[in-house]
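Okay, data36.tsv is below, TSV, C-alpha atoms:
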```
chain	number	residue	atom	x	y	z
A	1349	MET	CA	18.18	-9.45	18.88
A	1350	THR	CA	16.86	-6.16	20.31
A	1351	ILE	CA	13.09	-5.86	20.72
A	1352	HIS	CA	11.88	-2.35	19.94
A	1353	LEU	CA	8.68	-0.63	20.90
A	1354	SER	CA	5.54	-1.80	19.13
A	1355	HIS	CA	3.62	0.61	16.88
A	1356	GLU	CA	0.83	0.91	19.45
A	1357	GLN	CA	3.29	1.70	22.23
A	1358	LEU	CA	4.91	4.38	20.09
A	1359	CYS	CA	1.51	5.81	19.14
A	1360	ASP	CA	0.39	5.89	22.77
A	1361	LEU	CA	3.46	7.88	23.63
A	1362	ILE	CA	2.70	10.34	20.82
A	1363	LEU	CA	-0.95	10.62	21.68
A	1364	ALA	CA	-0.43	10.76	25.46
A	1365	ASP	CA	-4.09	11.57	25.84
A	1366	LEU	CA	-5.42	12.30	29.28
A	1367	SER	CA	-8.96	11.50	28.18
A	1368	LEU	CA	-8.00	7.83	28.08
A	1369	GLN	CA	-8.06	7.31	31.81
A	1370	PRO	CA	-7.74	3.58	32.43
A	1371	GLU	CA	-9.90	1.57	34.74
A	1372	ARG	CA	-8.78	1.42	38.34
A	1373	ASP	CA	-7.89	-2.31	38.06
A	1374	SER	CA	-5.77	-1.91	34.97
A	1375	TRP	CA	-4.04	1.24	36.20
A	1376	ARG	CA	-1.17	-0.60	37.90
A	1377	GLU	CA	-0.67	-2.82	34.87
A	1378	LEU	CA	-0.54	0.18	32.56
A	1379	GLU	CA	1.75	2.06	34.89
A	1380	ALA	CA	4.11	-0.91	34.94
A	1381	GLU	CA	3.99	-1.11	31.16
A	1382	SER	CA	4.65	2.61	30.97
A	1383	ASP	CA	7.69	2.17	33.17
A	1384	VAL	CA	8.96	-0.56	30.87
A	1385	VAL	CA	8.40	1.65	27.84
A	1386	HIS	CA	10.22	4.61	29.36
A	1387	GLU	CA	13.07	2.40	30.49
A	1388	HIS	CA	13.37	1.04	26.97
A	1389	LEU	CA	13.40	4.55	25.54
A	1390	ARG	CA	16.26	5.50	27.81
A	1391	ALA	CA	18.23	2.48	26.66
A	1392	CYS	CA	17.30	2.28	22.94
A	1393	LEU	CA	18.63	5.11	20.82
A	1394	ILE	CA	16.73	3.96	17.73
A	1395	CYS	CA	13.30	4.12	19.37
A	1396	SER	CA	14.01	7.37	21.18
A	1397	ALA	CA	15.31	8.97	17.97
A	1398	GLU	CA	12.29	7.85	15.99
A	1399	LEU	CA	9.91	9.08	18.66
A	1400	ARG	CA	11.65	12.45	18.78
A	1401	SER	CA	11.63	12.73	14.99
A	1402	LEU	CA	7.93	11.86	14.74
A	1403	ARG	CA	7.02	14.31	17.48
A	1404	ASP	CA	9.02	17.04	15.74
A	1405	SER	CA	7.35	16.33	12.40
A	1406	LEU	CA	3.88	16.47	13.90
A	1407	SER	CA	4.74	19.61	15.81
A	1408	HIS	CA	6.04	21.33	12.68
A	1409	PHE	CA	2.96	20.24	10.77
A	1410	ARG	CA	0.67	21.66	13.44
A	1411	ASP	CA	2.53	24.96	13.82
A	1412	ALA	CA	2.78	25.53	10.07
A	1413	SER	CA	-0.88	24.64	9.50
A	1414	VAL	CA	-2.08	26.97	12.24
A	1415	SER	CA	0.14	29.82	11.07
A	1416	TYR	CA	-0.79	29.34	7.42
A	1417	ALA	CA	-4.52	29.18	8.21
A	1418	ARG	CA	-4.24	32.33	10.32
A	1419	GLN	CA	-2.64	34.18	7.41
A	1420	GLU	CA	-5.22	32.93	4.92
A	1421	PHE	CA	-8.03	33.89	7.28
A	1422	ALA	CA	-6.63	37.41	7.63
A	1423	GLN	CA	-6.37	37.71	3.85
A	1424	SER	CA	-9.90	36.50	3.27
A	1425	TYR	CA	-11.13	38.96	5.92
A	1426	ALA	CA	-9.31	41.79	4.15
A	1427	HIS	CA	-10.96	40.83	0.84
A	1428	ARG	CA	-14.36	40.88	2.47
A	1429	SER	CA	-13.69	44.34	3.92
A	1430	SER	CA	-12.79	45.72	0.53
A	1431	ILE	CA	-16.00	44.39	-1.00
A	1432	ALA	CA	-18.37	45.51	1.73
A	1433	PRO	CA	-17.09	48.25	4.04
A	1434	PRO	CA	-18.33	48.22	7.63
A	1435	HIS	CA	-21.17	50.52	8.63
A	1436	THR	CA	-18.84	52.88	10.45
A	1437	PHE	CA	-17.19	53.76	7.15
A	1438	LEU	CA	-20.48	55.22	5.92
A	1439	SER	CA	-20.14	58.05	8.41
A	1440	GLN	CA	-16.90	59.24	6.86
A	1441	PRO	CA	-17.11	62.39	4.65
A	1442	LEU	CA	-15.23	60.76	1.80
A	1443	TYR	CA	-18.01	58.25	1.21
A	1444	TRP	CA	-20.67	60.96	1.33
A	1445	ALA	CA	-18.71	63.14	-1.10
A	1446	ALA	CA	-18.31	60.23	-3.49
A	1447	ALA	CA	-22.02	59.46	-3.21
A	1448	ALA	CA	-22.88	63.12	-3.97
A	1449	VAL	CA	-20.65	63.15	-7.05
A	1450	VAL	CA	-22.27	59.98	-8.34
A	1451	PHE	CA	-25.74	61.43	-7.68
A	1452	VAL	CA	-24.99	64.67	-9.55
A	1453	ALA	CA	-23.42	62.75	-12.41
A	1454	ALA	CA	-26.56	60.66	-12.67
A	1455	LEU	CA	-28.83	63.73	-12.68
A	1456	PHE	CA	-26.83	65.71	-15.27
A	1457	PRO	CA	-28.09	63.88	-18.38
A	1458	LEU	CA	-31.67	64.22	-17.12
A	1459	SER	CA	-31.38	67.98	-16.71
A	1460	MET	CA	-29.86	68.31	-20.18
A	1461	HIS	CA	-32.74	66.33	-21.58
A	1462	ARG	CA	-35.31	68.63	-19.96
A	1463	LEU	CA	-33.61	71.85	-21.20
A	1464	ARG	CA	-33.73	70.70	-24.82
A	1465	PRO	CA	-37.10	71.85	-26.46
A	1466	ALA	CA	-39.41	69.16	-27.64
A	1467	PRO	CA	-39.76	68.83	-31.45
A	1468	ALA	CA	-43.58	68.63	-31.31
A	1469	VAL	CA	-43.85	71.99	-29.59
A	1470	ILE	CA	-41.71	73.62	-32.26
A	1471	GLY	CA	-43.99	72.35	-34.97
A	1472	THR	CA	-47.18	73.66	-33.37
A	1473	THR	CA	-45.81	77.15	-32.66
A	1474	ALA	CA	-44.11	77.90	-35.92
A	1475	THR	CA	-44.77	81.68	-35.85
A	1476	SER	CA	-43.29	82.47	-32.50
A	1477	PRO	CA	-39.60	82.02	-33.51
A	1478	SER	CA	-39.93	84.57	-36.36
A	1479	GLN	CA	-41.42	87.11	-33.98
A	1480	ALA	CA	-38.61	86.54	-31.58
A	1481	THR	CA	-36.09	86.96	-34.40
A	1482	GLU	CA	-37.63	90.32	-35.37
A	1483	SER	CA	-37.53	91.64	-31.86
A	1484	ASP	CA	-33.95	90.46	-31.50
A	1485	GLU	CA	-32.99	92.25	-34.73
A	1486	ALA	CA	-34.63	95.47	-33.53
A	1487	LEU	CA	-32.75	95.29	-30.28
A	1488	LEU	CA	-29.47	94.68	-32.05
A	1489	ALA	CA	-30.10	97.60	-34.43
A	1490	ASP	CA	-30.81	99.86	-31.51
A	1491	ILE	CA	-27.61	98.81	-29.80
A	1492	ASP	CA	-25.62	99.35	-32.98
A	1493	GLN	CA	-27.07	102.78	-33.34
A	1494	LYS	CA	-26.20	103.76	-29.82
A	1495	LEU	CA	-22.69	102.44	-30.13
A	1496	SER	CA	-22.02	104.08	-33.48
A	1497	ALA	CA	-23.02	107.51	-32.17
A	1498	ASP	CA	-19.98	109.78	-31.71
A	1499	VAL	CA	-21.39	111.54	-28.70
A	1500	PRO	CA	-23.74	110.05	-26.19
A	1501	SER	CA	-27.23	111.45	-26.37
A	1502	PRO	CA	-27.07	113.34	-23.06
A	1503	MET	CA	-23.94	115.17	-24.30
A	1504	GLU	CA	-25.39	116.25	-27.62
A	1505	PRO	CA	-25.62	120.07	-28.23
A	1506	LEU	CA	-28.97	121.70	-28.01
A	1507	ALA	CA	-30.94	121.94	-31.20
A	1508	ASP	CA	-30.76	125.16	-33.27
A	1509	PRO	CA	-33.59	127.45	-32.10
A	1510	THR	CA	-33.80	129.04	-35.57
A	1511	ALA	CA	-34.17	125.82	-37.28
A	1512	GLY	CA	-37.89	125.93	-36.69
A	1513	ALA	CA	-38.17	129.39	-38.17
A	1514	THR	CA	-36.26	128.47	-41.27
A	1515	SER	CA	-38.38	125.56	-41.84
A	1516	THR	CA	-41.43	127.68	-41.28
A	1517	THR	CA	-40.19	130.17	-43.81
A	1518	SER	CA	-39.51	127.61	-46.36
A	1519	THR	CA	-42.90	126.19	-45.89
A	1520	SER	CA	-44.42	129.51	-46.27
A	1521	ASP	CA	-42.33	129.96	-49.37
A	1522	GLN	CA	-43.59	126.78	-50.68
A	1523	ARG	CA	-47.11	127.84	-49.93
A	1524	THR	CA	-46.62	131.09	-51.66
A	1525	ASN	CA	-45.10	129.34	-54.56
B	299	MET	CA	-45.83	54.15	19.16
B	300	ALA	CA	-47.21	51.30	21.20
B	301	SER	CA	-45.89	48.70	18.81
B	302	ARG	CA	-42.44	50.29	18.99
B	303	ALA	CA	-42.48	50.06	22.78
B	304	ILE	CA	-43.46	46.39	22.61
B	305	THR	CA	-40.70	45.70	20.13
B	306	SER	CA	-38.06	47.38	22.25
B	307	ASP	CA	-39.28	45.55	25.35
B	308	THR	CA	-39.12	42.23	23.52
B	309	HIS	CA	-35.66	43.06	22.28
B	310	SER	CA	-34.42	43.91	25.74
B	311	VAL	CA	-35.88	40.71	27.17
B	312	THR	CA	-34.20	38.72	24.42
B	313	ARG	CA	-30.90	40.37	25.12
B	314	GLN	CA	-31.16	39.83	28.85
B	315	SER	CA	-32.03	36.14	28.76
B	316	PRO	CA	-31.29	34.43	25.44
B	317	ALA	CA	-33.17	31.20	24.83
B	318	THR	CA	-30.02	29.44	23.58
B	319	PRO	CA	-26.36	30.44	23.47
B	320	LEU	CA	-26.71	30.57	19.68
B	321	ASP	CA	-28.99	33.62	19.87
B	322	ASP	CA	-25.87	35.73	20.12
B	323	MET	CA	-24.58	34.51	16.78
B	324	ALA	CA	-22.27	37.46	16.19
B	325	SER	CA	-20.09	36.64	19.19
B	326	ILE	CA	-20.10	32.94	18.30
B	327	VAL	CA	-18.90	33.71	14.79
B	328	ALA	CA	-16.25	36.04	16.15
B	329	THR	CA	-15.04	33.37	18.57
B	330	TYR	CA	-15.05	30.28	16.37
B	331	GLU	CA	-14.81	31.48	12.76
B	332	GLN	CA	-11.04	31.24	12.53
B	333	LYS	CA	-10.98	27.78	14.09
B	334	ILE	CA	-13.69	26.46	11.74
B	335	PHE	CA	-11.99	28.08	8.74
B	336	ARG	CA	-8.69	26.44	9.69
B	337	PHE	CA	-10.27	23.01	9.92
B	338	HIS	CA	-11.92	23.43	6.51
B	339	LEU	CA	-8.77	24.83	4.94
B	340	ILE	CA	-6.44	22.06	6.14
B	341	SER	CA	-9.03	19.38	5.33
B	342	ILE	CA	-10.01	20.61	1.84
B	343	ARG	CA	-6.81	22.55	1.04
B	344	ASP	CA	-8.66	25.15	-1.00
B	345	ARG	CA	-9.20	28.64	0.37
B	346	ASP	CA	-12.34	29.44	-1.62
B	347	VAL	CA	-14.05	26.21	-0.66
B	348	ALA	CA	-12.94	26.67	2.95
B	349	GLN	CA	-14.49	30.14	3.04
B	350	SER	CA	-17.72	28.88	1.58
B	351	LEU	CA	-17.94	25.92	3.94
B	352	THR	CA	-17.16	28.14	6.93
B	353	GLN	CA	-20.11	30.36	6.08
B	354	ASP	CA	-22.29	27.29	5.54
B	355	THR	CA	-21.27	25.98	8.95
B	356	PHE	CA	-22.62	29.04	10.73
B	357	VAL	CA	-25.72	29.19	8.55
B	358	ARG	CA	-26.51	25.59	9.46
B	359	ALA	CA	-25.76	26.25	13.10
B	360	TRP	CA	-28.18	29.16	13.07
B	361	ALA	CA	-30.86	27.10	11.32
B	362	ALA	CA	-30.45	24.25	13.81
B	363	ARG	CA	-29.92	26.39	16.92
B	364	ASP	CA	-33.03	24.96	18.58
B	365	THR	CA	-31.50	21.48	18.51
B	366	PHE	CA	-28.44	22.55	20.51
B	367	ARG	CA	-29.09	21.10	23.95
B	368	GLY	CA	-25.78	22.01	25.54
B	369	ASP	CA	-24.72	18.39	26.11
B	370	CYS	CA	-21.42	19.19	24.38
B	371	SER	CA	-19.38	22.34	24.02
B	372	MET	CA	-20.16	24.89	21.34
B	373	SER	CA	-16.82	24.16	19.70
B	374	THR	CA	-17.58	20.44	19.47
B	375	TRP	CA	-21.05	21.11	18.08
B	376	LEU	CA	-19.73	23.46	15.39
B	377	MET	CA	-16.95	21.01	14.53
B	378	ARG	CA	-19.55	18.30	14.04
B	379	ILE	CA	-21.43	20.51	11.56
B	380	ALA	CA	-18.17	21.39	9.81
B	381	LEU	CA	-17.18	17.76	9.52
B	382	ASN	CA	-20.57	16.84	8.04
B	383	LEU	CA	-20.22	19.62	5.48
B	384	ILE	CA	-16.77	18.39	4.48
B	385	ARG	CA	-18.13	14.87	4.17
B	386	ASP	CA	-21.05	16.04	2.01
B	387	HIS	CA	-18.76	18.14	-0.13
B	388	THR	CA	-16.23	15.42	-0.79
B	389	ARG	CA	-18.90	12.80	-1.29
B	390	THR	CA	-21.25	14.56	-3.67
B	391	ASP	CA	-18.70	16.55	-5.65
B	392	ARG	CA	-15.88	14.10	-5.36
B	393	PHE	CA	-14.75	14.39	-8.94
B	394	ARG	CA	-15.03	18.16	-9.13
B	395	PHE	CA	-13.45	18.41	-5.70
B	396	TRP	CA	-10.30	16.57	-6.64
B	397	LYS	CA	-10.12	18.39	-9.96
B	398	ARG	CA	-10.46	21.72	-8.25
B	399	VAL	CA	-7.95	20.79	-5.60
B	400	ALA	CA	-5.48	19.86	-8.30
B	401	GLU	CA	-5.90	23.29	-9.89
B	402	THR	CA	-5.96	25.54	-6.85
B	403	ALA	CA	-4.41	23.31	-4.24
B	404	VAL	CA	-2.52	24.86	-1.39
B	405	ASP	CA	1.13	24.57	-2.28
B	406	VAL	CA	3.09	22.66	0.32
B	407	SER	CA	5.96	25.14	0.02
B	408	ASP	CA	3.60	27.95	1.10
B	409	VAL	CA	2.74	26.05	4.24
B	410	ALA	CA	6.32	24.94	4.84
B	411	SER	CA	7.39	28.57	4.88
B	412	HIS	CA	5.29	28.95	8.03
B	413	VAL	CA	7.29	26.43	10.03
B	414	PRO	CA	8.63	28.34	13.01
B	415	HIS	CA	12.41	28.29	13.19
B	416	ARG	CA	13.56	28.36	16.74
B	417	ASP	CA	17.03	27.40	15.56
B	418	SER	CA	18.46	29.79	13.02
B	419	SER	CA	20.80	27.34	11.31
B	420	LEU	CA	20.01	26.61	7.68
B	421	GLU	CA	20.27	22.87	8.15
B	422	SER	CA	17.73	22.73	10.94
B	423	ARG	CA	15.35	24.94	8.96
B	424	LEU	CA	15.58	22.64	5.97
B	425	ILE	CA	15.01	19.57	8.13
B	426	ALA	CA	11.97	21.17	9.76
B	427	SER	CA	10.46	22.11	6.40
B	428	GLU	CA	11.12	18.63	5.07
B	429	GLN	CA	9.48	17.00	8.09
B	430	MET	CA	6.45	19.23	7.75
B	431	ALA	CA	6.13	18.48	4.02
B	432	LEU	CA	6.37	14.77	4.73
B	433	VAL	CA	3.40	14.87	7.10
B	434	TRP	CA	1.48	17.17	4.74
B	435	GLU	CA	1.85	14.73	1.85
B	436	SER	CA	1.12	11.70	4.02
B	437	VAL	CA	-2.13	13.26	5.28
B	438	ALA	CA	-3.28	13.72	1.68
B	439	GLN	CA	-3.00	9.96	1.16
B	440	LEU	CA	-5.20	9.09	4.16
B	441	SER	CA	-8.83	8.10	3.86
B	442	ASP	CA	-11.43	10.81	4.59
B	443	ARG	CA	-12.19	9.43	8.03
B	444	GLN	CA	-8.56	8.95	9.00
B	445	ARG	CA	-7.69	12.45	7.80
B	446	SER	CA	-10.50	14.05	9.79
B	447	VAL	CA	-9.58	12.20	12.96
B	448	PHE	CA	-5.91	12.95	12.47
B	449	LEU	CA	-6.50	16.69	11.93
B	450	LEU	CA	-8.85	16.92	14.89
B	451	ARG	CA	-6.17	15.40	17.09
B	452	PHE	CA	-2.96	16.90	15.77
B	453	VAL	CA	-4.08	20.31	14.46
B	454	GLU	CA	-7.15	21.12	16.54
B	455	ASP	CA	-5.63	19.42	19.57
B	456	LEU	CA	-8.88	17.73	20.64
B	457	GLU	CA	-8.89	14.91	23.15
B	458	LEU	CA	-10.00	11.48	22.00
B	459	SER	CA	-13.34	11.80	23.80
B	460	GLU	CA	-14.02	15.10	21.99
B	461	ILE	CA	-13.09	13.54	18.65
B	462	ALA	CA	-15.47	10.70	19.42
B	463	SER	CA	-18.20	13.25	20.11
B	464	VAL	CA	-17.51	15.17	16.88
B	465	THR	CA	-17.32	12.13	14.65
B	466	GLY	CA	-19.89	9.99	16.43
B	467	LEU	CA	-17.42	7.12	16.62
B	468	PRO	CA	-16.45	5.07	19.67
B	469	ILE	CA	-13.16	6.05	21.29
B	470	SER	CA	-11.64	2.70	20.36
B	471	THR	CA	-12.44	3.34	16.67
B	472	VAL	CA	-10.99	6.83	16.90
B	473	LYS	CA	-7.85	5.35	18.36
B	474	THR	CA	-7.66	2.76	15.58
B	475	HIS	CA	-7.93	5.50	12.94
B	476	LEU	CA	-5.14	7.39	14.63
B	477	TYR	CA	-2.93	4.29	14.77
B	478	ARG	CA	-3.42	3.73	11.04
B	479	ALA	CA	-2.82	7.36	10.18
B	480	LEU	CA	0.35	7.38	12.24
B	481	ALA	CA	1.43	4.10	10.64
B	482	ALA	CA	1.20	5.72	7.20
B	483	ILE	CA	3.20	8.72	8.35
B	484	ARG	CA	5.72	6.54	10.12
B	485	ALA	CA	6.22	4.35	7.03
B	486	ARG	CA	6.86	7.38	4.86
B	487	HIS	CA	9.05	8.85	7.54
B	488	ASN	CA	11.23	5.74	7.75
B	489	ALA	CA	11.42	5.39	3.97
B	490	THR	CA	12.62	8.97	3.62
B	491	HIS	CA	15.23	8.60	6.33
B	492	LYS	CA	16.50	5.31	4.99
B	493	ASP	CA	16.71	6.56	1.38
B	494	PRO	CA	17.68	10.20	1.59
B	495	LEU	CA	17.89	11.97	-1.75
```
What does this structure look like when you write it as structure tokens?
Amino acid sequence: MTIHLSHEQLCDLILADLSLQPERDSWRELEAESDVVHEHLRACLICSAELRSLRDSLSHFRDASVSYARQEFAQSYAHRSSIAPPHTFLSQPLYWAAAAVVFVAALFPLSMHRLRPAPAVIGTTATSPSQATESDEALLADIDQKLSADVPSPMEPLADPTAGATSTTSTSDQRTN
Amino acid sequence: MASRAITSDTHSVTRQSPATPLDDMASIVATYEQKIFRFHLISIRDRDVAQSLTQDTFVRAWAARDTFRGDCSMSTWLMRIALNLIRDHTRTDRFRFWKRVAETAVDVSDVASHVPHRDSSLESRLIASEQMALVWESVAQLSDRQRSVFLLRFVEDLELSEIASVTGLPISTVKTHLYRALAAIRARHNATHKDPL
């Protein structure tokens, strides 16, 4: 019957930790045991295959875990960047332009509100709109008159010099009559 | 004006001779954040929780920076805080933790796809992925303490003395936990190889 390595011996080979420095007295004993273990590994294919397989499994587990965690860390860092950009990004013109657009968009409803006349003021000054309407109508009538004229006023012919005399005559006639 | 000069002088003195290494927290976070995140992620197996616990680790380190005496390395000290946070999280929210893990657990196939393939043959790639998945599933079955010790040794590559410092356990106890964890993996390993599908 073949005696294989114990679980502790196999684990010690896997761990192979330098922090477990043995006492000076037990060093030779451990070294001798280590020689026996290594000699057995060279001779026993079952133990050597199991040790190799376990080491491979642990190595794959470690490599995959480290690689996966690195990828997840990079992804989480990217998410954080998209939520809160670094301070250097604030110096870029795009961010300032976007901020200006937002600012103007926020002010636009306020300015519209101020331009609209207040209802109370309209009620107290009821006469002023009618006056304004009259003056507007007078202006429009004047413009219509100027536009409807065939000849501009500077180009109009001089007035008839006899017109005054005729009128005078007629008046005199009326007086006489 | 005078107060500004005093402030700048104080700032320059602080920068020249920090009271503790933790005063320069930005460089500590930059150095150790990925390592702490990895430990949380592989322990908890939930990215959101791992992110949250990583932030909590550095917040706690900052709050307790005066207690850091330098008798262990910064990495060991941060790992100790991280391990305590994992323990608190799994202990207090055990039910919610397992429920959440079941919903948003890291899929083993995602991790297996990260196994490096030095050999390009399909068979060797499948074997490597299968071996990795076997350890991944075995680790999930370990007790909290065994899992922490196992991950500190085989993922973080800490020596037994460092694991003892992080966990506060004697080296012999650390070694016992590792033996038991490896026994569970070995049993599953042998069962799979004896009864291949």
Worksheet item: Hey, which of B:His475, B:Arg389, B:Arg358, B:His412 ends up closest to chain A? Count only C-alpha atoms.
Response: B:His412
For the interface of chain A with chain B (cut-off 6 Å, counting only C-alpha atoms), please tabulate each contacting residue of chain A alongside its nearest pair of atoms and their separation in Å to one decimal, rows sorted by chain and increasing number, as a tab-separated table.
```
residue	atom	partner	partner_atom	distance
A:Ser1405	CA	B:Gln429	CA	4.9
A:His1408	CA	B:Met430	CA	5.4
A:Phe1409	CA	B:Met430	CA	4.7
A:Arg1410	CA	B:Val453	CA	5.0
A:Ala1412	CA	B:Val413	CA	4.6
A:Tyr1416	CA	B:Val409	CA	5.8
A:Ala1417	CA	B:Arg336	CA	5.2
```
Worksheet entry | One-decimal distance in Å that lies between atom CA of A:Asp1404 and atom CA of B:Ala482 | 16.2 Å
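A straight line drawn from atom CA of B:Leu320 to atom CA of A:Tyr1425 is 22.4 Å long.
Atom CA of B:Ser371 is found 10.3 Å from atom CA of B:Val464.
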Item to complete: Select, from B:Ile326, B:Met377, B:Ala479, B:Ile342, the residue with the minimum atom-to-atom distance to B:Trp360, counting only C-alpha atoms.
Response: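 Comparing B:Ile326, B:Met377, B:Ala479, B:Ile342 against B:Trp360, the winner is B:Ile326.
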